[in-house]
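Read through the structure below, which is laid out as structure tokens, and then see the notes.
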Amino acid sequence: MRRLAAATEQLYLAALYLFIIAPLIVVAATSINTATSFPAPFEGLTFKWYRAIFAHSEFIHAAWTSALVGTVSAALGTVAAFLAAYALRRRGKRENVLLNAVLVSPILVPQVVISLAMLQFAALFQLSGGLPSLIGVHTVYALPFALRLIMVGLVRFDFSLEDASHGLGAGRLTTWRHVTLPLLRPNLVAAFAFCFILSFVNLPISLFLTTAQTTTLPLVMFAYIEARLDPMLAAVATSIVAAACVAMLILERYLRIRLVE
């Protein structure tokens with residue numbers, strides 16, 4: 001009976017992993033297919049679709065824009081989430097429930113509504129759209145996710161270590177730099193990485209706030225689909241997944257930070 005249960009468990013896990021990875025395998029295989037349509041049966045091996053990416057400068061420019069917006073918004077969101085989570089955890093009062101609900105409320109609001117609200121906010125105060133508005137709305141959208149990840153680390157955090165540091169004469173900033181932040185480093189890095197991914201692949205929020213100079217990669221891909229559909233899009237998607245995998249390996253191997261368990 002135990003062998004049957006173990007075999008069933010292994011079969012279930014294998015099916016689950018296959019269900020998750022199969023779409024990535026199909027996209028990666030399509031990116032090296034000689035066929036000119038997407039999707040299409042596999043006809044032969046070629047890397048011309050990866051070379052075609054560099055022939056479209058709008059993809060390269062959009063990728064840099066998405067990386068810039070993702071990096072800045074992830075950094076701002078992680079810092080804001082850390083300060084908010086630290087205050088909520090340190091105070092430990094009942095009113096924190098209401099404040100916590102307010103901070104996570106962007107998760108409950110549709111992304112299109114957030115974008116329209118930010119667009120009206122920028123128009124009301126005569127702020128120019130583009131990069132500042134884009135970074136602002138991405139930060140607001142990613143903040144709740146970073147808050148949840150950092151709160152997980154603070155739940156297990158021993159604040160007596162900070163008290164000991166203060167007792168030895170260290171100030172608040174010194175304690176944060178040498179005690180608090182190093183212990184929360186896995187959660188902070190995970191929050192930053194998750195916020196960056198949310199920003200980089202986001203389409204609905206960016207749709208209303210981009211300009212011709214600040215078009216993000218998902219928008220360029222969406223516009224490209226309207227004109228044609230070929231395996232070059234699969235090559236772009238595969239490149240993004242490969243970059244994410246390399247970043248995860250670097251974090252786990254060299255920084256000893258596990259983003260997944």
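Please note that chains go A, B, ... in the order of the structure tokens, that every chain numbers its residues from 1, and that ligands are numbered from 1 in the order shown.
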Which neighbours of A:Ser133 fall inside 12 Å, counting only C-alpha atoms, when residues of the same chain fewer than 4 positions from it are skipped, and could you give them as a PDB file with N, CA and C atoms, in the first residue's frame?
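The resulting file, result_1.pdb, is shown below:
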```
ATOM      1  N   VAL A  69      12.117  50.432 -16.079  1.00  0.00           N
ATOM      2  CA  VAL A  69      10.893  50.609 -15.288  1.00  0.00           C
ATOM      3  C   VAL A  69      10.790  49.522 -14.218  1.00  0.00           C
ATOM      4  N   SER A  73      10.907  50.573 -10.277  1.00  0.00           N
ATOM      5  CA  SER A  73       9.662  50.321  -9.548  1.00  0.00           C
ATOM      6  C   SER A  73       9.831  49.205  -8.520  1.00  0.00           C
ATOM      7  N   ILE A 114      -6.602  50.823 -12.172  1.00  0.00           N
ATOM      8  CA  ILE A 114      -5.430  51.497 -11.610  1.00  0.00           C
ATOM      9  C   ILE A 114      -4.779  52.400 -12.651  1.00  0.00           C
ATOM     10  N   SER A 115      -4.670  51.912 -13.874  1.00  0.00           N
ATOM     11  CA  SER A 115      -4.050  52.693 -14.943  1.00  0.00           C
ATOM     12  C   SER A 115      -4.853  53.946 -15.255  1.00  0.00           C
ATOM     13  N   LEU A 116      -6.164  53.813 -15.353  1.00  0.00           N
ATOM     14  CA  LEU A 116      -7.018  54.962 -15.633  1.00  0.00           C
ATOM     15  C   LEU A 116      -6.969  55.975 -14.488  1.00  0.00           C
ATOM     16  N   ALA A 117      -6.933  55.484 -13.264  1.00  0.00           N
ATOM     17  CA  ALA A 117      -6.845  56.386 -12.116  1.00  0.00           C
ATOM     18  C   ALA A 117      -5.536  57.159 -12.132  1.00  0.00           C
ATOM     19  N   MET A 118      -4.419  56.476 -12.432  1.00  0.00           N
ATOM     20  CA  MET A 118      -3.136  57.150 -12.510  1.00  0.00           C
ATOM     21  C   MET A 118      -3.102  58.148 -13.662  1.00  0.00           C
ATOM     22  N   LEU A 119      -3.746  57.808 -14.766  1.00  0.00           N
ATOM     23  CA  LEU A 119      -3.806  58.711 -15.909  1.00  0.00           C
ATOM     24  C   LEU A 119      -4.573  59.984 -15.552  1.00  0.00           C
ATOM     25  N   GLN A 120      -5.687  59.847 -14.856  1.00  0.00           N
ATOM     26  CA  GLN A 120      -6.459  61.008 -14.431  1.00  0.00           C
ATOM     27  C   GLN A 120      -5.711  61.814 -13.377  1.00  0.00           C
ATOM     28  N   PHE A 121      -4.994  61.138 -12.500  1.00  0.00           N
ATOM     29  CA  PHE A 121      -4.194  61.815 -11.481  1.00  0.00           C
ATOM     30  C   PHE A 121      -3.108  62.670 -12.138  1.00  0.00           C
ATOM     31  N   ALA A 122      -2.440  62.113 -13.148  1.00  0.00           N
ATOM     32  CA  ALA A 122      -1.402  62.861 -13.848  1.00  0.00           C
ATOM     33  C   ALA A 122      -1.985  64.057 -14.585  1.00  0.00           C
ATOM     34  N   ALA A 123      -3.162  63.879 -15.190  1.00  0.00           N
ATOM     35  CA  ALA A 123      -3.798  64.988 -15.901  1.00  0.00           C
ATOM     36  C   ALA A 123      -4.273  66.067 -14.934  1.00  0.00           C
ATOM     37  N   PHE A 125      -2.986  67.002 -12.051  1.00  0.00           N
ATOM     38  CA  PHE A 125      -1.873  67.794 -11.535  1.00  0.00           C
ATOM     39  C   PHE A 125      -0.915  68.221 -12.652  1.00  0.00           C
ATOM     40  N   GLN A 126      -1.380  68.065 -13.895  1.00  0.00           N
ATOM     41  CA  GLN A 126      -0.615  68.486 -15.074  1.00  0.00           C
ATOM     42  C   GLN A 126       0.780  67.869 -15.096  1.00  0.00           C
ATOM     43  N   LEU A 127       0.817  66.596 -14.773  1.00  0.00           N
ATOM     44  CA  LEU A 127       2.070  65.854 -14.833  1.00  0.00           C
ATOM     45  C   LEU A 127       2.196  65.188 -16.189  1.00  0.00           C
ATOM     46  N   SER A 128       3.371  65.176 -16.710  1.00  0.00           N
ATOM     47  CA  SER A 128       3.590  64.530 -17.997  1.00  0.00           C
ATOM     48  C   SER A 128       3.526  63.018 -17.838  1.00  0.00           C
ATOM     49  N   GLY A 129       2.937  62.352 -18.799  1.00  0.00           N
ATOM     50  CA  GLY A 129       2.892  60.901 -18.766  1.00  0.00           C
ATOM     51  C   GLY A 129       4.251  60.315 -19.102  1.00  0.00           C
ATOM     52  N   VAL A 137       2.872  53.871 -11.192  1.00  0.00           N
ATOM     53  CA  VAL A 137       1.766  52.908 -11.145  1.00  0.00           C
ATOM     54  C   VAL A 137       2.290  51.477 -10.998  1.00  0.00           C
ATOM     55  N   HIS A 138       3.445  51.185 -11.572  1.00  0.00           N
ATOM     56  CA  HIS A 138       4.035  49.853 -11.381  1.00  0.00           C
ATOM     57  C   HIS A 138       4.455  49.646  -9.921  1.00  0.00           C
ATOM     58  N   THR A 139       4.931  50.706  -9.296  1.00  0.00           N
ATOM     59  CA  THR A 139       5.315  50.614  -7.890  1.00  0.00           C
ATOM     60  C   THR A 139       4.100  50.351  -7.012  1.00  0.00           C
ATOM     61  N   VAL A 140       3.011  51.073  -7.279  1.00  0.00           N
ATOM     62  CA  VAL A 140       1.780  50.883  -6.506  1.00  0.00           C
ATOM     63  C   VAL A 140       1.244  49.468  -6.689  1.00  0.00           C
ATOM     64  N   ILE A 205      -1.503  47.579 -17.294  1.00  0.00           N
ATOM     65  CA  ILE A 205      -1.161  48.831 -16.634  1.00  0.00           C
ATOM     66  C   ILE A 205      -0.387  49.752 -17.574  1.00  0.00           C
ATOM     67  N   SER A 206       0.503  49.185 -18.365  1.00  0.00           N
ATOM     68  CA  SER A 206       1.336  49.997 -19.247  1.00  0.00           C
ATOM     69  C   SER A 206       0.573  50.525 -20.451  1.00  0.00           C
ATOM     70  N   LEU A 207      -0.559  49.929 -20.743  1.00  0.00           N
ATOM     71  CA  LEU A 207      -1.276  50.246 -21.979  1.00  0.00           C
ATOM     72  C   LEU A 207      -1.701  51.701 -22.039  1.00  0.00           C
ATOM     73  N   PHE A 208      -2.068  52.299 -20.916  1.00  0.00           N
ATOM     74  CA  PHE A 208      -2.622  53.653 -20.904  1.00  0.00           C
ATOM     75  C   PHE A 208      -1.579  54.719 -20.589  1.00  0.00           C
ATOM     76  N   LEU A 209      -0.382  54.323 -20.188  1.00  0.00           N
ATOM     77  CA  LEU A 209       0.564  55.290 -19.651  1.00  0.00           C
ATOM     78  C   LEU A 209       1.856  55.421 -20.438  1.00  0.00           C
ATOM     79  N   THR A 210       2.035  54.626 -21.462  1.00  0.00           N
ATOM     80  CA  THR A 210       3.268  54.698 -22.234  1.00  0.00           C
ATOM     81  C   THR A 210       3.169  55.752 -23.330  1.00  0.00           C
ATOM     82  N   THR A 211       4.317  56.215 -23.752  1.00  0.00           N
ATOM     83  CA  THR A 211       4.413  57.121 -24.890  1.00  0.00           C
ATOM     84  C   THR A 211       5.267  56.443 -25.960  1.00  0.00           C
ATOM     85  N   THR A 214       8.564  55.593 -24.452  1.00  0.00           N
ATOM     86  CA  THR A 214       8.611  54.722 -23.269  1.00  0.00           C
ATOM     87  C   THR A 214       7.765  53.466 -23.451  1.00  0.00           C
TER      88      THR A 214
END
```
All residues 8 Å or closer to stretch 99-108 of chain A, only C-alpha atoms, same chain fewer than 3 positions away omitted, as a list in words: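 That gives Leu88, Glu95, Asn96, Ile114, Val140, Tyr141, Leu143, Pro144, Phe145 and Leu147 of chain A.
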Prev. selection, N, CA and C atoms, output as a short mmCIF file (atom, residue, chain, number, x, y, z; two decimals), in the first residue's frame:
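Contents of the output file result.cif:
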```
data_model
loop_
_atom_site.label_atom_id
_atom_site.label_comp_id
_atom_site.auth_asym_id
_atom_site.auth_seq_id
_atom_site.Cartn_x
_atom_site.Cartn_y
_atom_site.Cartn_z
N LEU A 88 4.40 47.89 10.72
CA LEU A 88 3.25 47.07 11.11
C LEU A 88 3.64 46.00 12.11
N GLU A 95 -5.04 48.60 15.08
CA GLU A 95 -5.28 49.44 13.92
C GLU A 95 -4.42 49.04 12.73
N ASN A 96 -3.41 48.20 12.96
CA ASN A 96 -2.58 47.73 11.85
C ASN A 96 -3.39 46.89 10.87
N ILE A 114 -6.60 50.82 -12.17
CA ILE A 114 -5.43 51.50 -11.61
C ILE A 114 -4.78 52.40 -12.65
N VAL A 140 3.01 51.07 -7.28
CA VAL A 140 1.78 50.88 -6.51
C VAL A 140 1.24 49.47 -6.69
N TYR A 141 1.30 48.97 -7.91
CA TYR A 141 0.77 47.63 -8.18
C TYR A 141 1.61 46.54 -7.53
N LEU A 143 3.64 46.87 -4.85
CA LEU A 143 3.84 47.05 -3.41
C LEU A 143 3.18 45.97 -2.56
N PRO A 144 1.92 45.61 -2.79
CA PRO A 144 1.30 44.58 -1.93
C PRO A 144 2.00 43.24 -1.97
N PHE A 145 2.51 42.85 -3.14
CA PHE A 145 3.21 41.57 -3.25
C PHE A 145 4.51 41.60 -2.47
N LEU A 147 5.09 43.51 0.07
CA LEU A 147 4.71 43.58 1.48
C LEU A 147 4.46 42.19 2.05
#
```
Those in stretch 208-253 of chain A with alpha helix (DSSP H) from DSSP, as a compact mmCIF listing (two decimals) with C-alpha atoms, in the first residue's frame:
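Once everything was written out, this is selection00.txt:
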```txt
# COMPACT_ATOMS: atom_id res chain seq x y z
CA LEU A 217 8.30 45.15 -24.37
CA PRO A 218 4.84 43.57 -23.77
CA LEU A 219 3.24 46.45 -25.68
CA VAL A 220 5.63 46.06 -28.60
CA MET A 221 4.93 42.33 -28.70
CA PHE A 222 1.18 42.98 -28.56
CA ALA A 223 1.42 45.47 -31.44
CA TYR A 224 3.57 43.02 -33.42
CA ILE A 225 0.93 40.30 -33.04
CA GLU A 226 -1.68 42.57 -34.60
CA ALA A 227 0.37 42.82 -37.81
CA MET A 232 10.16 35.56 -33.59
CA LEU A 233 7.74 36.21 -30.74
CA ALA A 234 8.53 32.75 -29.41
CA ALA A 235 12.22 33.64 -29.59
CA VAL A 236 11.59 36.82 -27.57
CA ALA A 237 9.59 34.89 -24.97
CA THR A 238 12.24 32.18 -24.74
CA SER A 239 14.95 34.80 -24.26
CA ILE A 240 13.00 36.34 -21.38
CA VAL A 241 12.52 32.95 -19.70
CA ALA A 242 16.20 32.09 -20.20
CA ALA A 243 17.28 35.40 -18.65
CA ALA A 244 15.00 34.77 -15.65
CA CYS A 245 16.45 31.27 -15.19
CA VAL A 246 20.03 32.61 -15.34
CA ALA A 247 19.20 35.29 -12.77
CA MET A 248 17.66 32.68 -10.46
CA LEU A 249 20.71 30.43 -10.76
CA ILE A 250 23.03 33.34 -9.94
CA LEU A 251 20.97 34.24 -6.86
CA GLU A 252 20.88 30.68 -5.60
CA ARG A 253 24.45 29.64 -6.45
```
Show me a table, sorted first by chain and then by increasing residue number, of the residues of stretch 75-120 of chain A having an atom at most 10 Å from stretch 154-167 of chain A, each with its shortest atom pair and the distance in Å to one decimal, counting only C-alpha atoms and written as a Markdown table.
```
| residue | atom | partner | partner_atom | distance |
| --- | --- | --- | --- | --- |
| A:Phe82 | CA | A:Leu154 | CA | 9.4 |
| A:Ala85 | CA | A:Leu154 | CA | 7.7 |
| A:Tyr86 | CA | A:Leu154 | CA | 7.3 |
| A:Leu88 | CA | A:Leu154 | CA | 9.7 |
| A:Arg89 | CA | A:Leu154 | CA | 6.9 |
| A:Arg90 | CA | A:Phe159 | CA | 8.3 |
```
All residues 7 Å or closer to A:Asn33, only C-alpha atoms, same chain fewer than 4 positions away omitted, as an MDAnalysis selection string: chainID A and resid 29 42:46
Saved selection, atoms kept: N, CA and C atoms, as a PDB file, in the first residue's frame:
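Written out: part-v6.pdb:
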```pdb
ATOM      1  N   ALA A  29      10.665  25.290 -28.475  1.00  0.00           N
ATOM      2  CA  ALA A  29      10.804  24.534 -29.717  1.00  0.00           C
ATOM      3  C   ALA A  29      10.341  25.350 -30.921  1.00  0.00           C
ATOM      4  N   PHE A  42       6.772  21.232 -36.429  1.00  0.00           N
ATOM      5  CA  PHE A  42       8.217  21.432 -36.472  1.00  0.00           C
ATOM      6  C   PHE A  42       8.758  20.939 -37.812  1.00  0.00           C
ATOM      7  N   GLU A  43       9.454  21.847 -38.534  1.00  0.00           N
ATOM      8  CA  GLU A  43       9.972  21.519 -39.863  1.00  0.00           C
ATOM      9  C   GLU A  43      11.489  21.393 -39.904  1.00  0.00           C
ATOM     10  N   GLY A  44      12.180  22.123 -39.062  1.00  0.00           N
ATOM     11  CA  GLY A  44      13.635  22.073 -39.077  1.00  0.00           C
ATOM     12  C   GLY A  44      14.222  22.994 -38.022  1.00  0.00           C
ATOM     13  N   LEU A  45      15.538  22.909 -37.837  1.00  0.00           N
ATOM     14  CA  LEU A  45      16.230  23.667 -36.796  1.00  0.00           C
ATOM     15  C   LEU A  45      16.856  24.925 -37.381  1.00  0.00           C
ATOM     16  N   THR A  46      16.633  26.061 -36.750  1.00  0.00           N
ATOM     17  CA  THR A  46      17.224  27.319 -37.185  1.00  0.00           C
ATOM     18  C   THR A  46      17.245  28.301 -36.019  1.00  0.00           C
TER      19      THR A  46
END
```
Straight-line distance linking atom CA of A:Ala81 with atom CA of A:Val152, stated in Å to one decimal: 12.0 Å
Coordinates-based distance that separates atom CA of A:Leu24 from atom CA of A:Thr78 (Å, one decimal):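 That distance, rounded to one decimal, is 28.8 Å.
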Point-to-point distance in Å for atom CA of A:Pro182 and atom CA of A:Gly153: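 These atoms are spaced 11.5 Å apart.
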Closest of A:Leu173, A:Ala191, A:Leu134, A:Leu16 to A:Thr65 - atom-to-atom distances counting only C-alpha atoms: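 Selected residue with least distance to A:Thr65: A:Leu134.
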Proximity to A:Val189 - best of A:Ala142, A:Ala75, A:Ala212, A:Ala22, only C-alpha atoms: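 Going through A:Ala142, A:Ala75, A:Ala212, A:Ala22 one by one, the smallest distance to A:Val189 is for A:Ala75.
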Contact residues around A:Asn187 with only C-alpha atoms at 9 Å, ignoring same-chain residues under 2 positions, as a PyMOL selection string: chain A and resi 146+149-153+183-185+189-192+257+259
Store the residues picked out above in a file with C-alpha atoms, as a tab-separated table (two decimals), in the first residue's frame.
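Result file is again16.tsv:
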```
chain	number	residue	atom	x	y	z
A	146	ALA	CA	6.48	42.84	-1.81
A	149	LEU	CA	6.91	38.52	1.09
A	150	ILE	CA	8.67	40.78	3.59
A	151	MET	CA	6.01	40.22	6.25
A	152	VAL	CA	6.75	36.49	6.05
A	153	GLY	CA	10.33	37.19	7.04
A	183	LEU	CA	18.66	38.64	8.24
A	184	LEU	CA	15.86	39.74	5.91
A	185	ARG	CA	18.02	39.62	2.78
A	189	VAL	CA	15.69	39.93	-2.73
A	190	ALA	CA	12.66	37.72	-3.38
A	191	ALA	CA	10.37	40.77	-3.11
A	192	PHE	CA	12.56	42.75	-5.51
A	257	ILE	CA	19.29	33.05	-1.86
A	259	LEU	CA	13.54	32.14	-4.51
```
